[in-house]
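J.: Following this line is target-v9.txt, made up of compact mmCIF, N, CA and C atoms:
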```txt
# COMPACT_ATOMS: atom_id res chain seq x y z
N MET A 1 54.77 -40.70 -23.35
CA MET A 1 53.77 -39.65 -23.16
C MET A 1 53.38 -39.01 -24.50
N GLU A 2 54.30 -39.05 -25.47
CA GLU A 2 53.95 -38.55 -26.81
C GLU A 2 52.80 -39.37 -27.38
N ALA A 3 52.88 -40.68 -27.22
CA ALA A 3 51.81 -41.56 -27.72
C ALA A 3 50.50 -41.26 -27.03
N VAL A 4 50.53 -41.06 -25.74
CA VAL A 4 49.31 -40.75 -24.98
C VAL A 4 48.67 -39.47 -25.52
N ALA A 5 49.48 -38.44 -25.75
CA ALA A 5 48.95 -37.17 -26.25
C ALA A 5 48.29 -37.34 -27.61
N VAL A 6 48.90 -38.10 -28.50
CA VAL A 6 48.33 -38.30 -29.84
C VAL A 6 47.07 -39.14 -29.76
N LEU A 7 47.07 -40.17 -28.93
CA LEU A 7 45.93 -41.07 -28.84
C LEU A 7 44.69 -40.44 -28.23
N THR A 8 44.84 -39.29 -27.54
CA THR A 8 43.66 -38.61 -27.01
C THR A 8 42.83 -37.97 -28.12
N GLN A 9 43.43 -37.77 -29.26
CA GLN A 9 42.73 -37.18 -30.41
C GLN A 9 41.94 -38.27 -31.14
N PRO A 10 40.75 -37.95 -31.67
CA PRO A 10 39.96 -38.96 -32.37
C PRO A 10 40.63 -39.43 -33.66
N ASN A 11 40.45 -40.70 -33.96
CA ASN A 11 40.88 -41.31 -35.23
C ASN A 11 42.36 -41.13 -35.53
N THR A 12 43.19 -41.29 -34.52
CA THR A 12 44.63 -41.23 -34.74
C THR A 12 45.23 -42.63 -34.68
N HIS A 13 46.40 -42.75 -35.28
CA HIS A 13 47.06 -44.05 -35.37
C HIS A 13 48.52 -43.88 -34.94
N VAL A 14 48.93 -44.68 -33.96
CA VAL A 14 50.30 -44.63 -33.45
C VAL A 14 50.91 -46.02 -33.61
N TRP A 15 52.10 -46.06 -34.18
CA TRP A 15 52.87 -47.30 -34.28
C TRP A 15 54.11 -47.20 -33.43
N VAL A 16 54.44 -48.31 -32.76
CA VAL A 16 55.73 -48.50 -32.11
C VAL A 16 56.46 -49.53 -32.94
N VAL A 17 57.60 -49.15 -33.53
CA VAL A 17 58.34 -50.05 -34.42
C VAL A 17 59.75 -50.23 -33.88
N ALA A 18 60.20 -51.49 -33.89
CA ALA A 18 61.56 -51.82 -33.49
C ALA A 18 62.10 -52.85 -34.48
N PRO A 19 63.41 -53.14 -34.43
CA PRO A 19 63.96 -54.12 -35.36
C PRO A 19 63.28 -55.49 -35.27
N THR A 20 62.81 -55.86 -34.08
CA THR A 20 62.10 -57.13 -33.90
C THR A 20 60.78 -56.87 -33.18
N TYR A 21 59.89 -57.85 -33.28
CA TYR A 21 58.59 -57.73 -32.61
C TYR A 21 58.77 -57.71 -31.09
N ASP A 22 59.71 -58.51 -30.57
CA ASP A 22 59.99 -58.48 -29.13
C ASP A 22 60.48 -57.11 -28.69
N GLY A 23 61.26 -56.46 -29.53
CA GLY A 23 61.77 -55.13 -29.21
C GLY A 23 60.67 -54.09 -29.14
N SER A 24 59.72 -54.14 -30.05
CA SER A 24 58.62 -53.17 -30.02
C SER A 24 57.75 -53.37 -28.79
N ASN A 25 57.73 -54.59 -28.28
CA ASN A 25 56.92 -54.88 -27.10
C ASN A 25 57.38 -54.09 -25.88
N LYS A 26 58.66 -53.78 -25.79
CA LYS A 26 59.18 -53.05 -24.63
C LYS A 26 58.55 -51.66 -24.53
N VAL A 27 58.48 -50.94 -25.63
CA VAL A 27 57.88 -49.61 -25.62
C VAL A 27 56.36 -49.73 -25.55
N PHE A 28 55.78 -50.65 -26.33
CA PHE A 28 54.34 -50.85 -26.32
C PHE A 28 53.84 -51.11 -24.90
N ARG A 29 54.55 -51.97 -24.18
CA ARG A 29 54.17 -52.33 -22.81
C ARG A 29 54.16 -51.12 -21.89
N GLU A 30 55.11 -50.19 -22.07
CA GLU A 30 55.14 -48.98 -21.24
C GLU A 30 53.93 -48.08 -21.52
N VAL A 31 53.58 -47.94 -22.79
CA VAL A 31 52.40 -47.14 -23.15
C VAL A 31 51.15 -47.84 -22.63
N TRP A 32 51.08 -49.16 -22.78
CA TRP A 32 49.95 -49.96 -22.27
C TRP A 32 49.74 -49.69 -20.78
N LYS A 33 50.82 -49.78 -20.00
CA LYS A 33 50.73 -49.56 -18.55
C LYS A 33 50.24 -48.15 -18.24
N GLU A 34 50.77 -47.17 -18.95
CA GLU A 34 50.37 -45.78 -18.70
C GLU A 34 48.87 -45.59 -18.97
N LEU A 35 48.42 -46.07 -20.11
CA LEU A 35 47.02 -45.86 -20.50
C LEU A 35 46.04 -46.64 -19.64
N LEU A 36 46.28 -47.92 -19.45
CA LEU A 36 45.33 -48.78 -18.75
C LEU A 36 45.46 -48.73 -17.23
N LEU A 37 46.69 -48.83 -16.73
CA LEU A 37 46.87 -48.89 -15.29
C LEU A 37 46.91 -47.52 -14.62
N ASN A 38 47.71 -46.61 -15.17
CA ASN A 38 47.86 -45.30 -14.53
C ASN A 38 46.71 -44.35 -14.84
N LEU A 39 46.27 -44.30 -16.10
CA LEU A 39 45.20 -43.37 -16.48
C LEU A 39 43.81 -44.01 -16.44
N GLY A 40 43.75 -45.32 -16.40
CA GLY A 40 42.47 -46.01 -16.30
C GLY A 40 41.63 -46.02 -17.56
N TRP A 41 42.26 -45.85 -18.72
CA TRP A 41 41.51 -45.88 -19.97
C TRP A 41 40.96 -47.28 -20.21
N LYS A 42 39.80 -47.35 -20.85
CA LYS A 42 39.15 -48.62 -21.18
C LYS A 42 39.10 -48.78 -22.70
N PRO A 43 39.99 -49.58 -23.27
CA PRO A 43 39.97 -49.76 -24.73
C PRO A 43 38.75 -50.56 -25.19
N LYS A 44 38.32 -50.28 -26.41
CA LYS A 44 37.24 -51.04 -27.04
C LYS A 44 37.73 -52.45 -27.36
N ARG A 45 38.97 -52.53 -27.80
CA ARG A 45 39.61 -53.80 -28.14
C ARG A 45 41.09 -53.70 -27.78
N ALA A 46 41.63 -54.73 -27.15
CA ALA A 46 43.04 -54.67 -26.76
C ALA A 46 43.62 -56.06 -26.59
N SER A 47 44.89 -56.19 -26.98
CA SER A 47 45.63 -57.42 -26.76
C SER A 47 47.09 -57.05 -26.54
N GLU A 48 47.57 -57.29 -25.33
CA GLU A 48 48.98 -57.00 -25.06
C GLU A 48 49.87 -57.95 -25.86
N LYS A 49 49.44 -59.19 -26.00
CA LYS A 49 50.21 -60.19 -26.75
C LYS A 49 50.36 -59.77 -28.22
N ASP A 50 49.27 -59.29 -28.82
CA ASP A 50 49.29 -58.88 -30.23
C ASP A 50 49.74 -57.43 -30.41
N GLN A 51 50.04 -56.75 -29.32
CA GLN A 51 50.46 -55.34 -29.36
C GLN A 51 49.46 -54.49 -30.13
N TYR A 52 48.22 -54.53 -29.67
CA TYR A 52 47.15 -53.79 -30.35
C TYR A 52 46.20 -53.23 -29.30
N MET A 53 45.79 -51.98 -29.51
CA MET A 53 44.84 -51.33 -28.63
C MET A 53 44.01 -50.34 -29.45
N GLU A 54 42.69 -50.44 -29.33
CA GLU A 54 41.79 -49.55 -30.07
C GLU A 54 40.77 -48.96 -29.10
N PHE A 55 40.49 -47.67 -29.28
CA PHE A 55 39.58 -46.97 -28.38
C PHE A 55 38.29 -46.58 -29.08
N ASP A 56 37.25 -46.30 -28.29
CA ASP A 56 35.93 -45.96 -28.82
C ASP A 56 35.95 -44.78 -29.77
N TRP A 57 36.87 -43.86 -29.59
CA TRP A 57 36.93 -42.66 -30.43
C TRP A 57 37.75 -42.89 -31.70
N GLY A 58 38.14 -44.15 -31.97
CA GLY A 58 38.78 -44.50 -33.23
C GLY A 58 40.29 -44.50 -33.24
N SER A 59 40.92 -44.15 -32.14
CA SER A 59 42.38 -44.12 -32.10
C SER A 59 42.93 -45.52 -31.83
N VAL A 60 44.10 -45.79 -32.44
CA VAL A 60 44.69 -47.13 -32.39
C VAL A 60 46.19 -47.02 -32.07
N LEU A 61 46.67 -47.93 -31.23
CA LEU A 61 48.08 -48.09 -30.92
C LEU A 61 48.48 -49.49 -31.33
N GLU A 62 49.58 -49.61 -32.10
CA GLU A 62 50.05 -50.92 -32.55
C GLU A 62 51.56 -51.03 -32.41
N GLY A 63 52.01 -52.22 -32.07
CA GLY A 63 53.43 -52.54 -32.08
C GLY A 63 53.75 -53.29 -33.37
N LYS A 64 54.86 -52.93 -34.00
CA LYS A 64 55.24 -53.52 -35.29
C LYS A 64 56.72 -53.88 -35.28
N SER A 65 57.09 -54.74 -36.23
CA SER A 65 58.47 -55.16 -36.38
C SER A 65 59.02 -54.72 -37.73
N ALA A 66 60.25 -54.21 -37.74
CA ALA A 66 60.89 -53.79 -38.99
C ALA A 66 61.54 -54.96 -39.72
N ASP A 67 61.59 -56.14 -39.09
CA ASP A 67 62.23 -57.27 -39.76
C ASP A 67 61.34 -57.92 -40.82
N LYS A 68 60.07 -57.53 -40.87
CA LYS A 68 59.16 -57.98 -41.93
C LYS A 68 58.51 -56.74 -42.53
N PRO A 69 59.23 -56.01 -43.37
CA PRO A 69 58.75 -54.71 -43.86
C PRO A 69 57.44 -54.76 -44.64
N VAL A 70 57.11 -55.90 -45.23
CA VAL A 70 55.85 -56.00 -45.98
C VAL A 70 54.66 -55.73 -45.05
N SER A 71 54.80 -56.04 -43.77
CA SER A 71 53.71 -55.81 -42.82
C SER A 71 53.54 -54.32 -42.50
N LEU A 72 54.44 -53.48 -43.00
CA LEU A 72 54.39 -52.05 -42.72
C LEU A 72 53.73 -51.25 -43.85
N VAL A 73 53.18 -51.93 -44.83
CA VAL A 73 52.61 -51.28 -46.01
C VAL A 73 51.13 -51.00 -45.80
N GLY A 74 50.66 -49.87 -46.34
CA GLY A 74 49.24 -49.63 -46.45
C GLY A 74 48.58 -48.86 -45.33
N GLU A 75 49.29 -48.45 -44.34
CA GLU A 75 48.72 -47.68 -43.24
C GLU A 75 49.28 -46.27 -43.24
N SER A 76 48.58 -45.38 -42.59
CA SER A 76 49.13 -44.05 -42.37
C SER A 76 49.08 -43.78 -40.87
N CYS A 77 50.13 -43.14 -40.37
CA CYS A 77 50.27 -42.92 -38.93
C CYS A 77 50.36 -41.44 -38.59
N ASP A 78 49.84 -41.12 -37.43
CA ASP A 78 49.99 -39.76 -36.89
C ASP A 78 51.28 -39.66 -36.09
N LEU A 79 51.68 -40.76 -35.48
CA LEU A 79 52.94 -40.81 -34.73
C LEU A 79 53.58 -42.17 -34.95
N LEU A 80 54.85 -42.13 -35.27
CA LEU A 80 55.64 -43.33 -35.47
C LEU A 80 56.79 -43.28 -34.46
N ILE A 81 56.81 -44.23 -33.54
CA ILE A 81 57.87 -44.30 -32.54
C ILE A 81 58.81 -45.41 -32.95
N LEU A 82 60.05 -45.06 -33.28
CA LEU A 82 61.05 -46.04 -33.70
C LEU A 82 62.02 -46.28 -32.57
N ASP A 83 61.98 -47.48 -31.99
CA ASP A 83 62.90 -47.84 -30.93
C ASP A 83 64.08 -48.59 -31.54
N GLU A 84 65.27 -48.34 -31.02
CA GLU A 84 66.50 -48.91 -31.58
C GLU A 84 66.59 -48.61 -33.08
N CYS A 85 66.30 -47.37 -33.43
CA CYS A 85 66.22 -46.98 -34.84
C CYS A 85 67.55 -47.13 -35.57
N ALA A 86 68.66 -47.06 -34.88
CA ALA A 86 69.96 -47.24 -35.55
C ALA A 86 70.13 -48.65 -36.11
N LYS A 87 69.33 -49.60 -35.60
CA LYS A 87 69.42 -50.98 -36.06
C LYS A 87 68.39 -51.29 -37.16
N ILE A 88 67.59 -50.30 -37.53
CA ILE A 88 66.61 -50.49 -38.60
C ILE A 88 67.27 -50.04 -39.90
N HIS A 89 67.23 -50.89 -40.91
CA HIS A 89 67.87 -50.58 -42.19
C HIS A 89 67.28 -49.32 -42.81
N LYS A 90 68.15 -48.52 -43.40
CA LYS A 90 67.73 -47.27 -44.05
C LYS A 90 66.66 -47.53 -45.11
N LYS A 91 66.79 -48.63 -45.83
CA LYS A 91 65.81 -48.98 -46.86
C LYS A 91 64.41 -49.15 -46.26
N VAL A 92 64.33 -49.74 -45.07
CA VAL A 92 63.03 -49.93 -44.40
C VAL A 92 62.43 -48.57 -44.06
N TRP A 93 63.26 -47.65 -43.58
CA TRP A 93 62.76 -46.29 -43.30
C TRP A 93 62.29 -45.62 -44.58
N ASP A 94 63.14 -45.61 -45.61
CA ASP A 94 62.83 -44.91 -46.86
C ASP A 94 61.61 -45.47 -47.58
N MET A 95 61.52 -46.79 -47.68
CA MET A 95 60.47 -47.40 -48.50
C MET A 95 59.18 -47.73 -47.76
N TYR A 96 59.27 -48.00 -46.44
CA TYR A 96 58.11 -48.49 -45.73
C TYR A 96 57.62 -47.60 -44.60
N LEU A 97 58.53 -47.04 -43.83
CA LEU A 97 58.11 -46.27 -42.65
C LEU A 97 57.84 -44.80 -42.94
N ARG A 98 58.75 -44.14 -43.62
CA ARG A 98 58.56 -42.71 -43.90
C ARG A 98 57.24 -42.44 -44.61
N PRO A 99 56.85 -43.25 -45.61
CA PRO A 99 55.57 -43.00 -46.27
C PRO A 99 54.35 -43.09 -45.34
N THR A 100 54.45 -43.83 -44.24
CA THR A 100 53.30 -43.95 -43.34
C THR A 100 52.97 -42.64 -42.64
N ILE A 101 53.95 -41.76 -42.48
CA ILE A 101 53.68 -40.47 -41.84
C ILE A 101 53.51 -39.34 -42.85
N SER A 102 53.72 -39.63 -44.13
CA SER A 102 53.60 -38.60 -45.16
C SER A 102 52.15 -38.22 -45.43
N ASP A 103 51.25 -39.21 -45.43
CA ASP A 103 49.84 -38.96 -45.74
C ASP A 103 49.20 -37.94 -44.80
N LYS A 104 49.44 -38.11 -43.52
CA LYS A 104 48.80 -37.27 -42.51
C LYS A 104 49.72 -36.17 -41.99
N LYS A 105 50.88 -36.05 -42.59
CA LYS A 105 51.90 -35.13 -42.07
C LYS A 105 52.17 -35.44 -40.60
N GLY A 106 52.34 -36.75 -40.34
CA GLY A 106 52.59 -37.22 -38.99
C GLY A 106 54.01 -36.94 -38.54
N ARG A 107 54.29 -37.39 -37.34
CA ARG A 107 55.61 -37.17 -36.75
C ARG A 107 56.27 -38.51 -36.43
N ALA A 108 57.59 -38.48 -36.34
CA ALA A 108 58.36 -39.66 -35.95
C ALA A 108 59.22 -39.30 -34.74
N LEU A 109 59.30 -40.25 -33.83
CA LEU A 109 60.15 -40.12 -32.66
C LEU A 109 61.20 -41.23 -32.74
N PHE A 110 62.46 -40.82 -32.82
CA PHE A 110 63.57 -41.76 -33.01
C PHE A 110 64.26 -42.01 -31.68
N ILE A 111 64.28 -43.27 -31.24
CA ILE A 111 64.93 -43.65 -29.99
C ILE A 111 66.04 -44.63 -30.34
N SER A 112 67.24 -44.37 -29.83
CA SER A 112 68.33 -45.30 -30.10
C SER A 112 69.34 -45.28 -29.00
```
Translate this file's structure into structure tokens.
T.:
Amino acid sequence: MEAVAVLTQPNTHVWVVAPTYDGSNKVFREVWKELLLNLGWKPKRASEKDQYMEFDWGSVLEGKSADKPVSLVGESCDLLILDECAKIHKKVWDMYLRPTISDKKGRALFIS
């Protein structure tokens, strides 16, 4: 529900990150179901397989993997949801994830 609240705002970016891409899919799928099935939102572009959803007002939800940290560079997030965060290396948090929420003074939700 945190992701839903952030995504209602224009031009926001939410990432779901887990140690593996399969792991991030578990949380991404729950948000997907809430937005599309329960709330009836219609994304401009969406792929459950690619863990990507974009809305007309510019907000984006993406699933990411911490096992390839280079893929975590260059974006800024309003909300970062870390699933199984105890299994994500501290270096990945320090060097790749924390900076993504620094630009926008975003928030992180740690699930473990």
J.: So the first atom is CA of Ser59 (chain A) and the second is atom C of Leu80 (chain A); what is the distance between them in Å, to one decimal place?
T.: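 For CA of Ser59 (chain A) relative to atom C of Leu80 (chain A), the distance reads 14.6 Å.
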J.: Find, counting only C-alpha atoms, the residue in A:Trp57, A:Glu30, A:Lys105, A:Cys85 that gets nearest to Lys42 (chain A).
T.: A:Trp57
J.: Rounded to one decimal place, report the CA of Phe110 (chain A)-CA of Leu82 (chain A) distance in Å.
T.: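 Interatomic distance here is 5.0 Å.
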J.: Quick one, how far is atom C of Asp22 (chain A) from CA of Gln9 (chain A)?
T.: 26.7 Å
J.: What residues in chain A get the DSSP label strand (DSSP E)? Please answer as a CSV table (one decimal) with N, CA and C atoms, in the frame of the given file.
T.:
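Saved to result_22.csv:
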```csv
chain,number,residue,atom,x,y,z
A,13,HIS,N,46.4,-42.8,-35.3
A,13,HIS,CA,47.1,-44.0,-35.4
A,13,HIS,C,48.5,-43.9,-34.9
A,14,VAL,N,48.9,-44.7,-34.0
A,14,VAL,CA,50.3,-44.6,-33.4
A,14,VAL,C,50.9,-46.0,-33.6
A,15,TRP,N,52.1,-46.1,-34.2
A,15,TRP,CA,52.9,-47.3,-34.3
A,15,TRP,C,54.1,-47.2,-33.4
A,16,VAL,N,54.4,-48.3,-32.8
A,16,VAL,CA,55.7,-48.5,-32.1
A,16,VAL,C,56.5,-49.5,-32.9
A,17,VAL,N,57.6,-49.2,-33.5
A,17,VAL,CA,58.3,-50.0,-34.4
A,17,VAL,C,59.8,-50.2,-33.9
A,18,ALA,N,60.2,-51.5,-33.9
A,18,ALA,CA,61.6,-51.8,-33.5
A,18,ALA,C,62.1,-52.8,-34.5
A,45,ARG,N,39.0,-52.5,-27.8
A,45,ARG,CA,39.6,-53.8,-28.1
A,45,ARG,C,41.1,-53.7,-27.8
A,46,ALA,N,41.6,-54.7,-27.2
A,46,ALA,CA,43.0,-54.7,-26.8
A,46,ALA,C,43.6,-56.1,-26.6
A,47,SER,N,44.9,-56.2,-27.0
A,47,SER,CA,45.6,-57.4,-26.8
A,47,SER,C,47.1,-57.0,-26.5
A,52,TYR,N,48.2,-54.5,-29.7
A,52,TYR,CA,47.2,-53.8,-30.4
A,52,TYR,C,46.2,-53.2,-29.3
A,53,MET,N,45.8,-52.0,-29.5
A,53,MET,CA,44.8,-51.3,-28.6
A,53,MET,C,44.0,-50.3,-29.4
A,54,GLU,N,42.7,-50.4,-29.3
A,54,GLU,CA,41.8,-49.6,-30.1
A,54,GLU,C,40.8,-49.0,-29.1
A,60,VAL,N,44.1,-45.8,-32.4
A,60,VAL,CA,44.7,-47.1,-32.4
A,60,VAL,C,46.2,-47.0,-32.1
A,61,LEU,N,46.7,-47.9,-31.2
A,61,LEU,CA,48.1,-48.1,-30.9
A,61,LEU,C,48.5,-49.5,-31.3
A,62,GLU,N,49.6,-49.6,-32.1
A,62,GLU,CA,50.0,-50.9,-32.6
A,62,GLU,C,51.6,-51.0,-32.4
A,63,GLY,N,52.0,-52.2,-32.1
A,63,GLY,CA,53.4,-52.5,-32.1
A,63,GLY,C,53.8,-53.3,-33.4
A,64,LYS,N,54.9,-52.9,-34.0
A,64,LYS,CA,55.2,-53.5,-35.3
A,64,LYS,C,56.7,-53.9,-35.3
A,65,SER,N,57.1,-54.7,-36.2
A,65,SER,CA,58.5,-55.2,-36.4
A,65,SER,C,59.0,-54.7,-37.7
A,79,LEU,N,51.7,-40.8,-35.5
A,79,LEU,CA,52.9,-40.8,-34.7
A,79,LEU,C,53.6,-42.2,-35.0
A,80,LEU,N,54.8,-42.1,-35.3
A,80,LEU,CA,55.6,-43.3,-35.5
A,80,LEU,C,56.8,-43.3,-34.5
A,81,ILE,N,56.8,-44.2,-33.5
A,81,ILE,CA,57.9,-44.3,-32.5
A,81,ILE,C,58.8,-45.4,-33.0
A,82,LEU,N,60.0,-45.1,-33.3
A,82,LEU,CA,61.0,-46.0,-33.7
A,82,LEU,C,62.0,-46.3,-32.6
A,83,ASP,N,62.0,-47.5,-32.0
A,83,ASP,CA,62.9,-47.8,-30.9
A,83,ASP,C,64.1,-48.6,-31.5
A,107,ARG,N,54.3,-37.4,-37.3
A,107,ARG,CA,55.6,-37.2,-36.8
A,107,ARG,C,56.3,-38.5,-36.4
A,108,ALA,N,57.6,-38.5,-36.3
A,108,ALA,CA,58.4,-39.7,-36.0
A,108,ALA,C,59.2,-39.3,-34.7
A,109,LEU,N,59.3,-40.2,-33.8
A,109,LEU,CA,60.2,-40.1,-32.7
A,109,LEU,C,61.2,-41.2,-32.7
A,110,PHE,N,62.5,-40.8,-32.8
A,110,PHE,CA,63.6,-41.8,-33.0
A,110,PHE,C,64.3,-42.0,-31.7
A,111,ILE,N,64.3,-43.3,-31.2
A,111,ILE,CA,64.9,-43.6,-30.0
A,111,ILE,C,66.0,-44.6,-30.3
```
J.: Env of region 87-95 of chain A: 10 Å cut, atoms = only C-alpha atoms, seq-sep filter 4 positions within chain, self excluded. Answer as a PDB file with N, CA and C atoms, in the frame of the given file.
T.:
```
ATOM      1  N   VAL A  17      57.600 -49.150 -33.530  1.00  0.00           N
ATOM      2  CA  VAL A  17      58.340 -50.050 -34.420  1.00  0.00           C
ATOM      3  C   VAL A  17      59.750 -50.230 -33.880  1.00  0.00           C
ATOM      4  N   ALA A  18      60.200 -51.490 -33.890  1.00  0.00           N
ATOM      5  CA  ALA A  18      61.560 -51.820 -33.490  1.00  0.00           C
ATOM      6  C   ALA A  18      62.100 -52.850 -34.480  1.00  0.00           C
ATOM      7  N   PRO A  19      63.410 -53.140 -34.430  1.00  0.00           N
ATOM      8  CA  PRO A  19      63.960 -54.120 -35.360  1.00  0.00           C
ATOM      9  C   PRO A  19      63.280 -55.490 -35.270  1.00  0.00           C
ATOM     10  N   THR A  20      62.810 -55.860 -34.080  1.00  0.00           N
ATOM     11  CA  THR A  20      62.100 -57.130 -33.900  1.00  0.00           C
ATOM     12  C   THR A  20      60.780 -56.870 -33.180  1.00  0.00           C
ATOM     13  N   SER A  65      57.090 -54.740 -36.230  1.00  0.00           N
ATOM     14  CA  SER A  65      58.470 -55.160 -36.380  1.00  0.00           C
ATOM     15  C   SER A  65      59.020 -54.720 -37.730  1.00  0.00           C
ATOM     16  N   ALA A  66      60.250 -54.210 -37.740  1.00  0.00           N
ATOM     17  CA  ALA A  66      60.890 -53.790 -38.990  1.00  0.00           C
ATOM     18  C   ALA A  66      61.540 -54.960 -39.720  1.00  0.00           C
ATOM     19  N   ASP A  67      61.590 -56.140 -39.090  1.00  0.00           N
ATOM     20  CA  ASP A  67      62.230 -57.270 -39.760  1.00  0.00           C
ATOM     21  C   ASP A  67      61.340 -57.920 -40.820  1.00  0.00           C
ATOM     22  N   LYS A  68      60.070 -57.530 -40.870  1.00  0.00           N
ATOM     23  CA  LYS A  68      59.160 -57.980 -41.930  1.00  0.00           C
ATOM     24  C   LYS A  68      58.510 -56.740 -42.530  1.00  0.00           C
ATOM     25  N   PRO A  69      59.230 -56.010 -43.370  1.00  0.00           N
ATOM     26  CA  PRO A  69      58.750 -54.710 -43.860  1.00  0.00           C
ATOM     27  C   PRO A  69      57.440 -54.760 -44.640  1.00  0.00           C
ATOM     28  N   VAL A  70      57.110 -55.900 -45.230  1.00  0.00           N
ATOM     29  CA  VAL A  70      55.850 -56.000 -45.980  1.00  0.00           C
ATOM     30  C   VAL A  70      54.660 -55.730 -45.050  1.00  0.00           C
ATOM     31  N   LEU A  72      54.440 -53.480 -43.000  1.00  0.00           N
ATOM     32  CA  LEU A  72      54.390 -52.050 -42.720  1.00  0.00           C
ATOM     33  C   LEU A  72      53.730 -51.250 -43.850  1.00  0.00           C
ATOM     34  N   VAL A  73      53.180 -51.930 -44.830  1.00  0.00           N
ATOM     35  CA  VAL A  73      52.610 -51.280 -46.010  1.00  0.00           C
ATOM     36  C   VAL A  73      51.130 -51.000 -45.800  1.00  0.00           C
ATOM     37  N   LEU A  82      60.050 -45.060 -33.280  1.00  0.00           N
ATOM     38  CA  LEU A  82      61.050 -46.040 -33.700  1.00  0.00           C
ATOM     39  C   LEU A  82      62.020 -46.280 -32.570  1.00  0.00           C
ATOM     40  N   ASP A  83      61.980 -47.480 -31.990  1.00  0.00           N
ATOM     41  CA  ASP A  83      62.900 -47.840 -30.930  1.00  0.00           C
ATOM     42  C   ASP A  83      64.080 -48.590 -31.540  1.00  0.00           C
ATOM     43  N   PRO A  99      56.850 -43.250 -45.610  1.00  0.00           N
ATOM     44  CA  PRO A  99      55.570 -43.000 -46.270  1.00  0.00           C
ATOM     45  C   PRO A  99      54.350 -43.090 -45.340  1.00  0.00           C
ATOM     46  N   THR A 100      54.450 -43.830 -44.240  1.00  0.00           N
ATOM     47  CA  THR A 100      53.300 -43.950 -43.340  1.00  0.00           C
ATOM     48  C   THR A 100      52.970 -42.640 -42.640  1.00  0.00           C
ATOM     49  N   SER A 112      67.240 -44.370 -29.830  1.00  0.00           N
ATOM     50  CA  SER A 112      68.330 -45.300 -30.100  1.00  0.00           C
ATOM     51  C   SER A 112      69.340 -45.280 -29.000  1.00  0.00           C
TER      52      SER A 112
END
```
J.: DSSP on the backbone, alpha helix (DSSP H) only: what residues of chain A does that give? Format it as a ChimeraX atom specification.
T.: /A:2-7,21-32,90-92,98-102
J.: At most 8 Å from (53.3, -44.2, -20.9), file frame, only C-alpha atoms: which residues, as an MDAnalysis selection string?
T.: chainID A and resid 1 3:4 30:35
J.: Tell me which of A:Lys26, A:Gly63, A:Lys104, A:Ile111 sits closest to Ala86 (chain A), counting only N, CA and C atoms.
T.: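 Selected residue with least distance to Ala86 (chain A): A:Ile111.
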J.: Please write region 15-33 of chain A of the preceding block to a file containing C-alpha atoms, as a PDB file, in the first residue's frame?
T.:
```
ATOM      1  CA  TRP A  15      11.523   0.282  -7.079  1.00  0.00           C
ATOM      2  CA  VAL A  16      11.012  -3.157  -5.563  1.00  0.00           C
ATOM      3  CA  VAL A  17      14.469  -4.665  -4.983  1.00  0.00           C
ATOM      4  CA  ALA A  18      15.339  -8.144  -3.734  1.00  0.00           C
ATOM      5  CA  PRO A  19      18.521 -10.246  -3.755  1.00  0.00           C
ATOM      6  CA  THR A  20      17.316 -11.906  -6.978  1.00  0.00           C
ATOM      7  CA  TYR A  21      14.989 -10.906  -9.796  1.00  0.00           C
ATOM      8  CA  ASP A  22      12.640 -13.790  -8.896  1.00  0.00           C
ATOM      9  CA  GLY A  23      12.511 -12.461  -5.341  1.00  0.00           C
ATOM     10  CA  SER A  24      11.505  -8.953  -6.390  1.00  0.00           C
ATOM     11  CA  ASN A  25       8.717 -10.471  -8.466  1.00  0.00           C
ATOM     12  CA  LYS A  26       6.912 -11.618  -5.307  1.00  0.00           C
ATOM     13  CA  VAL A  27       6.375  -8.069  -4.030  1.00  0.00           C
ATOM     14  CA  PHE A  28       5.976  -6.584  -7.524  1.00  0.00           C
ATOM     15  CA  ARG A  29       3.195  -9.093  -8.259  1.00  0.00           C
ATOM     16  CA  GLU A  30       1.290  -8.050  -5.103  1.00  0.00           C
ATOM     17  CA  VAL A  31       1.449  -4.366  -6.066  1.00  0.00           C
ATOM     18  CA  TRP A  32       0.479  -5.302  -9.660  1.00  0.00           C
ATOM     19  CA  LYS A  33      -2.624  -7.150  -8.402  1.00  0.00           C
TER      20      LYS A  33
END
```
